[in-house]
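Shown here: input_10.cif, mmCIF, C-alpha atoms.
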```cif
data_input
loop_
_atom_site.label_atom_id
_atom_site.label_comp_id
_atom_site.auth_asym_id
_atom_site.auth_seq_id
_atom_site.Cartn_x
_atom_site.Cartn_y
_atom_site.Cartn_z
CA MET O 324 22.11 23.98 35.05
CA LYS O 325 21.11 22.21 31.86
CA MET O 326 19.52 24.96 29.75
CA ASP O 327 18.49 22.89 26.74
CA LEU O 328 18.34 25.81 24.31
CA ARG O 329 17.21 25.49 20.71
CA LEU O 330 17.80 28.34 18.29
CA ASP O 331 14.37 29.56 17.21
CA HIS O 332 15.21 32.53 14.99
CA ILE O 333 17.68 35.18 13.95
CA GLY O 334 16.14 38.63 14.29
CA ILE O 335 17.05 41.15 11.57
CA VAL O 336 15.90 44.77 11.89
CA VAL O 337 14.81 46.39 8.63
CA LYS O 338 13.54 49.81 7.63
CA ASP O 339 10.89 48.72 5.11
CA LEU O 340 9.32 45.32 5.73
CA GLU O 341 7.62 45.09 2.35
CA ARG O 342 10.83 45.85 0.49
CA SER O 343 12.91 43.48 2.62
CA CYS O 344 10.30 40.75 2.17
CA LEU O 345 10.87 40.97 -1.59
CA ASP O 346 14.68 41.14 -1.17
CA TYR O 347 14.77 38.05 1.03
CA GLN O 348 12.90 36.10 -1.61
CA ARG O 349 14.50 37.51 -4.75
CA ILE O 350 18.10 38.21 -3.69
CA HIS O 351 18.59 35.76 -0.83
CA GLY O 352 16.37 33.05 -2.29
CA LEU O 353 14.66 32.23 1.00
CA ARG O 354 11.10 30.98 1.41
CA GLN O 355 8.58 33.22 3.17
CA LYS O 356 6.94 31.43 6.07
CA THR O 357 4.41 33.92 7.44
CA LYS O 358 2.61 37.10 6.50
CA ARG O 359 3.21 40.37 8.37
CA ILE O 360 2.43 40.05 12.08
CA HIS O 361 1.79 43.02 14.36
CA GLU O 362 3.61 42.66 17.69
CA PRO O 363 2.27 45.33 20.02
CA ALA O 364 4.59 44.43 22.92
CA HIS O 365 7.54 45.83 20.96
CA ASP O 366 5.68 48.18 18.59
CA VAL O 367 6.95 46.34 15.52
CA GLU O 368 5.73 44.38 12.55
CA ILE O 369 7.49 41.10 11.89
CA MET O 370 7.62 38.38 9.26
CA PHE O 371 9.32 34.97 9.22
CA PHE O 372 11.38 33.18 6.57
CA GLU O 373 12.63 29.61 6.48
CA THR O 374 16.39 28.95 6.45
CA GLY O 375 16.38 25.59 4.67
CA HIS O 376 15.81 23.47 7.79
CA GLY O 377 12.04 23.08 7.80
CA SER O 378 10.12 24.86 10.54
CA MET O 379 13.07 26.19 12.51
CA PRO O 380 15.32 28.02 12.97
CA MET O 381 13.83 30.93 11.06
CA ILE O 382 14.85 34.42 10.03
CA GLU O 383 12.63 37.11 11.55
CA LEU O 384 12.46 40.47 9.80
CA ILE O 385 11.50 43.24 12.24
CA MET O 386 10.32 46.74 11.35
CA PRO O 387 9.79 49.36 14.08
CA LEU O 388 6.44 51.15 13.83
CA SER O 389 7.45 54.26 15.75
CA ASP O 390 10.41 56.01 17.33
CA SER O 391 9.40 54.56 20.70
CA SER O 392 9.82 50.99 19.46
CA LYS O 393 12.59 49.08 21.21
CA VAL O 394 14.40 48.48 17.91
CA SER O 395 14.16 51.97 16.40
CA GLY O 396 17.40 53.07 18.06
CA PHE O 397 19.24 50.13 16.53
CA LEU O 398 17.79 50.97 13.10
CA LYS O 399 18.88 54.61 13.38
CA ARG O 400 22.35 53.73 14.67
CA THR O 401 23.15 50.97 12.18
CA GLY O 402 20.77 51.33 9.25
CA GLY O 403 19.46 47.86 10.12
CA GLY O 404 20.95 44.38 10.21
CA ILE O 405 21.21 41.30 12.38
CA HIS O 406 19.91 42.26 15.81
CA HIS O 407 19.46 39.25 18.09
CA LEU O 408 19.30 35.47 18.42
CA ALA O 409 16.19 33.91 19.95
CA TYR O 410 16.13 30.55 21.71
CA GLU O 411 13.35 28.21 22.74
CA VAL O 412 13.51 27.18 26.38
CA ASN O 413 11.44 24.70 28.33
CA ASP O 414 10.86 26.96 31.35
CA ILE O 415 11.29 30.71 30.92
CA ASN O 416 11.43 31.45 34.66
CA ASP O 417 14.19 28.90 35.23
CA ALA O 418 16.08 30.37 32.28
CA ILE O 419 15.68 33.93 33.58
CA ASP O 420 17.02 32.81 36.97
CA HIS O 421 20.02 31.25 35.22
CA TYR O 422 20.83 34.37 33.20
CA LYS O 423 20.26 36.69 36.18
CA SER O 424 22.59 34.65 38.39
CA LEU O 425 25.37 35.25 35.86
CA GLY O 426 24.89 39.01 35.77
CA SER O 427 22.53 39.41 32.80
CA ILE O 428 20.06 42.27 32.59
CA ILE O 429 16.41 41.34 32.03
CA LEU O 430 14.95 43.96 29.64
CA GLY O 431 11.43 44.56 30.88
CA GLY O 432 9.29 41.61 31.81
CA ILE O 433 7.81 38.53 30.22
CA VAL O 434 5.54 39.53 27.32
CA PRO O 435 3.40 37.52 24.90
CA GLY O 436 5.19 36.91 21.59
CA ALA O 437 2.76 37.74 18.81
CA GLY O 438 4.94 35.88 16.32
CA HIS O 439 4.87 32.78 18.52
CA SER O 440 1.18 32.24 19.29
CA ASN O 441 1.50 34.64 22.25
CA LEU O 442 3.80 32.29 24.14
CA PRO O 443 5.84 33.91 26.95
CA THR O 444 8.94 35.74 25.70
CA VAL O 445 11.64 37.86 27.31
CA TRP O 446 14.64 39.88 26.15
CA ILE O 447 17.95 39.54 27.96
CA TYR O 448 21.24 41.44 27.73
CA THR O 449 24.06 39.14 28.79
CA PRO O 450 27.32 40.15 30.52
CA ASP O 451 29.19 39.37 27.29
CA LYS O 452 27.03 42.00 25.55
CA SER O 453 24.77 39.71 23.56
CA LEU O 454 21.10 40.53 23.11
CA ILE O 455 19.01 37.37 23.18
CA GLU O 456 15.32 36.55 23.28
CA LEU O 457 13.89 33.54 25.06
CA ILE O 458 10.60 31.88 24.08
CA GLU O 459 8.93 29.32 26.32
CA LYS O 460 7.59 26.60 24.06
CA GLY O 461 8.43 23.63 26.22
CA HIS O 462 5.16 23.14 28.06
CA HIS O 463 2.91 24.30 25.25
CA GLU O 464 3.65 22.28 22.13
CA GLN O 465 2.11 18.89 21.55
CA MET I 134 16.65 30.34 -10.18
CA LYS I 135 16.15 27.80 -7.41
CA MET I 136 18.95 28.53 -4.95
CA ASP I 137 18.27 25.80 -2.40
CA LEU I 138 20.05 27.52 0.48
CA ARG I 139 20.52 25.94 3.89
CA LEU I 140 21.70 28.07 6.82
CA ASP I 141 25.08 26.67 7.87
CA HIS I 142 26.13 29.07 10.61
CA ILE I 143 25.81 32.46 12.25
CA GLY I 144 29.20 34.18 12.42
CA ILE I 145 29.90 36.19 15.58
CA VAL I 146 33.08 38.28 15.81
CA VAL I 147 34.75 38.28 19.24
CA LYS I 148 37.83 39.90 20.72
CA ASP I 149 39.03 36.99 22.85
CA LEU I 150 38.16 33.53 21.56
CA GLU I 151 39.13 31.70 24.73
CA ARG I 152 37.00 33.97 26.90
CA SER I 153 34.03 33.84 24.52
CA CYS I 154 34.31 30.06 24.35
CA LEU I 155 33.78 29.95 28.11
CA ASP I 156 30.96 32.52 27.96
CA TYR I 157 29.09 30.61 25.27
CA GLN I 158 29.17 27.49 27.41
CA ARG I 159 28.62 29.04 30.83
CA ILE I 160 26.31 31.99 30.13
CA HIS I 161 24.56 30.93 26.94
CA GLY I 162 24.52 27.23 27.76
CA LEU I 163 25.52 26.11 24.27
CA ARG I 164 27.54 23.00 23.47
CA GLN I 165 31.01 23.43 21.97
CA LYS I 166 31.32 21.53 18.70
CA THR I 167 34.94 22.07 17.62
CA LYS I 168 38.28 23.21 18.98
CA ARG I 169 39.97 26.39 17.73
CA ILE I 170 40.60 26.29 13.99
CA HIS I 171 43.10 28.55 12.23
CA GLU I 172 41.65 29.97 9.01
CA PRO I 173 44.52 31.58 7.09
CA ALA I 174 42.32 32.84 4.21
CA HIS I 175 40.78 35.42 6.57
CA ASP I 176 43.55 35.64 9.18
CA VAL I 177 41.24 34.50 11.96
CA GLU I 178 40.78 31.73 14.49
CA ILE I 179 37.32 30.23 14.67
CA MET I 180 35.36 27.78 16.81
CA PHE I 181 31.90 26.25 16.35
CA PHE I 182 29.01 25.73 18.78
CA GLU I 183 25.78 23.77 18.34
CA THR I 184 22.45 25.62 18.47
CA GLY I 185 20.24 22.75 19.64
CA HIS I 186 19.56 21.34 16.17
CA GLY I 187 22.25 18.68 15.84
CA SER I 188 25.03 19.30 13.35
CA MET I 189 23.67 22.51 11.84
CA PRO I 190 23.10 25.38 11.83
CA MET I 191 25.97 26.33 14.13
CA ILE I 192 27.29 29.44 15.80
CA GLU I 193 30.80 30.34 14.63
CA LEU I 194 32.94 32.49 16.92
CA ILE I 195 35.56 34.43 14.93
CA MET I 196 38.61 36.19 16.35
CA PRO I 197 40.82 38.32 14.07
CA LEU I 198 44.52 37.55 14.43
CA SER I 199 45.83 40.88 13.13
CA ASP I 200 44.73 44.34 12.04
CA SER I 201 44.81 43.17 8.44
CA SER I 202 42.16 40.50 9.08
CA LYS I 203 38.91 41.09 7.17
CA VAL I 204 36.93 41.20 10.43
CA SER I 205 39.22 43.45 12.50
CA GLY I 206 37.49 46.61 11.23
CA PHE I 207 34.12 45.25 12.37
CA LEU I 208 35.56 44.41 15.80
CA LYS I 209 37.02 47.89 16.22
CA ARG I 210 33.85 49.61 15.01
CA THR I 211 31.34 47.60 17.03
CA GLY I 212 33.21 45.87 19.84
CA GLY I 213 32.14 42.56 18.30
CA GLY I 214 28.81 40.87 17.70
CA ILE I 215 26.80 39.05 15.07
CA HIS I 216 28.62 39.56 11.78
CA HIS I 217 27.22 37.38 8.99
CA LEU I 218 25.00 34.46 8.00
CA ALA I 219 26.54 31.59 6.04
CA TYR I 220 24.59 29.29 3.72
CA GLU I 221 25.35 25.96 2.13
CA VAL I 222 24.81 25.90 -1.61
CA ASN I 223 24.98 23.04 -4.08
CA ASP I 224 27.04 24.91 -6.71
CA ILE I 225 29.02 27.97 -5.61
CA ASN I 226 29.60 29.26 -9.14
CA ASP I 227 25.89 29.16 -9.98
CA ALA I 228 25.15 30.94 -6.71
CA ILE I 229 27.79 33.62 -7.40
CA ASP I 230 26.25 34.21 -10.85
CA HIS I 231 22.83 34.60 -9.22
CA TYR I 232 24.02 37.11 -6.64
CA LYS I 233 26.10 39.04 -9.21
CA SER I 234 23.15 39.32 -11.57
CA LEU I 235 21.20 41.09 -8.82
CA GLY I 236 23.94 43.64 -8.10
CA SER I 237 25.83 41.94 -5.28
CA ILE I 238 29.54 42.54 -4.73
CA ILE I 239 31.75 39.45 -4.54
CA LEU I 240 34.37 40.12 -1.85
CA GLY I 241 37.57 38.59 -3.18
CA GLY I 242 37.45 35.16 -4.76
CA ILE I 243 36.58 31.61 -3.78
CA VAL I 244 38.81 30.45 -0.91
CA PRO I 245 39.06 27.17 1.00
CA GLY I 246 37.09 27.26 4.26
CA ALA I 247 39.34 25.90 6.98
CA GLY I 248 36.31 25.42 9.25
CA HIS I 249 34.56 23.39 6.56
CA SER I 250 37.14 20.79 5.49
CA ASN I 251 38.56 23.33 3.01
CA LEU I 252 35.41 23.30 0.88
CA PRO I 253 35.02 26.30 -1.48
CA THR I 254 33.68 29.42 0.26
CA VAL I 255 33.02 33.01 -0.80
CA TRP I 256 31.87 36.24 0.84
CA ILE I 257 29.20 38.35 -0.77
CA TYR I 258 27.80 41.81 -0.03
CA THR I 259 24.22 42.02 -1.29
CA PRO I 260 22.42 45.12 -2.61
CA ASP I 261 20.29 45.14 0.54
CA LYS I 262 23.53 45.47 2.56
CA SER I 263 23.72 41.97 4.00
CA LEU I 264 27.05 40.24 4.36
CA ILE I 265 26.71 36.55 3.62
CA GLU I 266 29.07 33.63 3.17
CA LEU I 267 28.42 30.73 0.81
CA ILE I 268 29.88 27.26 1.28
CA GLU I 269 29.72 24.64 -1.46
CA LYS I 270 28.93 21.35 0.21
CA GLY I 271 26.57 19.97 -2.42
CA HIS I 272 28.93 17.89 -4.50
CA HIS I 273 31.22 16.87 -1.68
CA GLU I 274 29.19 15.24 1.05
CA GLN I 275 28.38 11.56 0.92
#
```
Show the structure stored in the file as structure tokens.
Amino acid sequence: MKMDLRLDHIGIVVKDLERSCLDYQRIHGLRQKTKRIHEPAHDVEIMFFETGHGSMPMIELIMPLSDSSKVSGFLKRTGGGIHHLAYEVNDINDAIDHYKSLGSIILGGIVPGAGHSNLPTVWIYTPDKSLIELIEKGHHEQ
Amino acid sequence: MKMDLRLDHIGIVVKDLERSCLDYQRIHGLRQKTKRIHEPAHDVEIMFFETGHGSMPMIELIMPLSDSSKVSGFLKRTGGGIHHLAYEVNDINDAIDHYKSLGSIILGGIVPGAGHSNLPTVWIYTPDKSLIELIEKGHHEQ
């Protein structure tokens, strides 16, 4: 199967989004791309930075809003850091079928991605222990 | 200071480079960009994959070759995973001065990057606990 993936963003879990927003500008020298975005599907607030390649790929800072957020365990265990890679795909159902057929675990269902104009997104845990996110942009962008 | 960073690669530490090379093609559906490269400065073997954006940014798979490799502790502690982000900079000494002035720790000195035509590279640990690599490509590329 030809997957035709394009890296959309690198997700980095942080404890304090406001503080990390300043650090990513001042220390890392990256350009802020969006304001804070509330993503109810994962109970987080997120914010995007450019990585020097125009509109993508981006860095996504992710702050859990409660202990029940999907990323709060990672934050507690590690203190924060790089959490996942997210890819654009043309057809999210085809991609899920591909990953399932190779033994991946689909984490929950397809949910709207608040940071991506509510396009369909899904989280997948692959047999080689990578956590990835897929975002279906293929049929939506002009 | 205008840093003018460009994301060059995402470094992922793996236990078995040959196995992960197959997984990144078969499971993740990414295109292999280079063969195995021996990088003596860090006692590792590395290999690059495309991320759907042409020549960069890339994914770098990194396998430590001995217990004294700089990444073997990370592999033992975590079982492997996303390890660092690497950025191109125009002037590595200017960039080091910038990061130092903000309290970053320079990990060792400037070493030739075997995966980058032996261009000058350096590893930096920032005050917000990010591990980053800088690669000076600015004055070298045509």
> Which neighbours of region 383-396 of chain O fall inside 8 Å, counting only C-alpha atoms, when residues of the same chain fewer than 4 positions from it are skipped, and could you give them as a list in words?
Replying inline: His332, Ile333, Gly334, Ile335, Val336, Val337, Lys338, Asp339, Leu340, Ser343, Cys344, His365, Asp366, Val367, Glu368, Ile369, Met370, Phe371, Phe372 and Arg400 of chain O
Quick one: write out the picked residues with C-alpha atoms as a PDB file, keeping the file's coordinate frame?
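Generated file (part_24.pdb):
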```pdb
ATOM      1  CA  HIS O 332      15.210  32.530  14.990  1.00  0.00           C
ATOM      2  CA  ILE O 333      17.680  35.180  13.950  1.00  0.00           C
ATOM      3  CA  GLY O 334      16.140  38.630  14.290  1.00  0.00           C
ATOM      4  CA  ILE O 335      17.050  41.150  11.570  1.00  0.00           C
ATOM      5  CA  VAL O 336      15.900  44.770  11.890  1.00  0.00           C
ATOM      6  CA  VAL O 337      14.810  46.390   8.630  1.00  0.00           C
ATOM      7  CA  LYS O 338      13.540  49.810   7.630  1.00  0.00           C
ATOM      8  CA  ASP O 339      10.890  48.720   5.110  1.00  0.00           C
ATOM      9  CA  LEU O 340       9.320  45.320   5.730  1.00  0.00           C
ATOM     10  CA  SER O 343      12.910  43.480   2.620  1.00  0.00           C
ATOM     11  CA  CYS O 344      10.300  40.750   2.170  1.00  0.00           C
ATOM     12  CA  HIS O 365       7.540  45.830  20.960  1.00  0.00           C
ATOM     13  CA  ASP O 366       5.680  48.180  18.590  1.00  0.00           C
ATOM     14  CA  VAL O 367       6.950  46.340  15.520  1.00  0.00           C
ATOM     15  CA  GLU O 368       5.730  44.380  12.550  1.00  0.00           C
ATOM     16  CA  ILE O 369       7.490  41.100  11.890  1.00  0.00           C
ATOM     17  CA  MET O 370       7.620  38.380   9.260  1.00  0.00           C
ATOM     18  CA  PHE O 371       9.320  34.970   9.220  1.00  0.00           C
ATOM     19  CA  PHE O 372      11.380  33.180   6.570  1.00  0.00           C
ATOM     20  CA  ARG O 400      22.350  53.730  14.670  1.00  0.00           C
TER      21      ARG O 400
END
```
> Just how far from CA of Leu330 (chain O) is CA of Arg152 (chain I), in Å to one decimal?
Replying inline: 21.8 Å
> Got a sec to pull out which chain I residues are within 8 Å of chain O, counting only C-alpha atoms, and send them as a ChimeraX atom specification?
Replying inline: /I:135-140,153,156,160,162-163,184-186,214-217,232,235,259,261,263
> Please, what distance in Å, to one decimal, runs between CA of Asn251 (chain I) and CA of Ile268 (chain I)?
Replying inline: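 Spanning CA of Asn251 (chain I) to CA of Ile268 (chain I) is a straight-line distance of 9.7 Å.
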> Taking the file as shown, what set of residues would the PyMOL selection byres ((chain O and resi 429-436) around 7) give back, as a PyMOL selection string?
Replying inline: chain O and resi 364+427-428+437-448
Selection above as a file: C-alpha atoms, as a compact mmCIF listing (two decimals), in the coordinates of the input:
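Everything below was put into again_12.txt:
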```txt
# COMPACT_ATOMS: atom_id res chain seq x y z
CA ALA O 364 4.59 44.43 22.92
CA SER O 427 22.53 39.41 32.80
CA ILE O 428 20.06 42.27 32.59
CA ALA O 437 2.76 37.74 18.81
CA GLY O 438 4.94 35.88 16.32
CA HIS O 439 4.87 32.78 18.52
CA SER O 440 1.18 32.24 19.29
CA ASN O 441 1.50 34.64 22.25
CA LEU O 442 3.80 32.29 24.14
CA PRO O 443 5.84 33.91 26.95
CA THR O 444 8.94 35.74 25.70
CA VAL O 445 11.64 37.86 27.31
CA TRP O 446 14.64 39.88 26.15
CA ILE O 447 17.95 39.54 27.96
CA TYR O 448 21.24 41.44 27.73
```
> Between CA of Ser188 (chain I) and CA of Lys168 (chain I), what is the distance, to one decimal in Å?
Replying inline: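 For CA of Ser188 (chain I) relative to CA of Lys168 (chain I), the distance reads 14.9 Å.
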Report, as JSON, the axis-aligned box around all atoms of region 391-397 of chain O present in the file, extended by 3 Å on each side; give centre and edge lengths in Å to one decimal place.
```
{"center_x": 14.3, "center_y": 51.5, "center_z": 18.8, "size_x": 15.8, "size_y": 12.1, "size_z": 10.8}
```
>> So, with only C-alpha atoms as the atoms that count, which of I:Asp224, I:Asp230, I:Glu172, I:Glu151 lies closest to Glu269 (chain I)?
In response: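 The shortest atom-to-atom distance to Glu269 (chain I) comes from I:Asp224.
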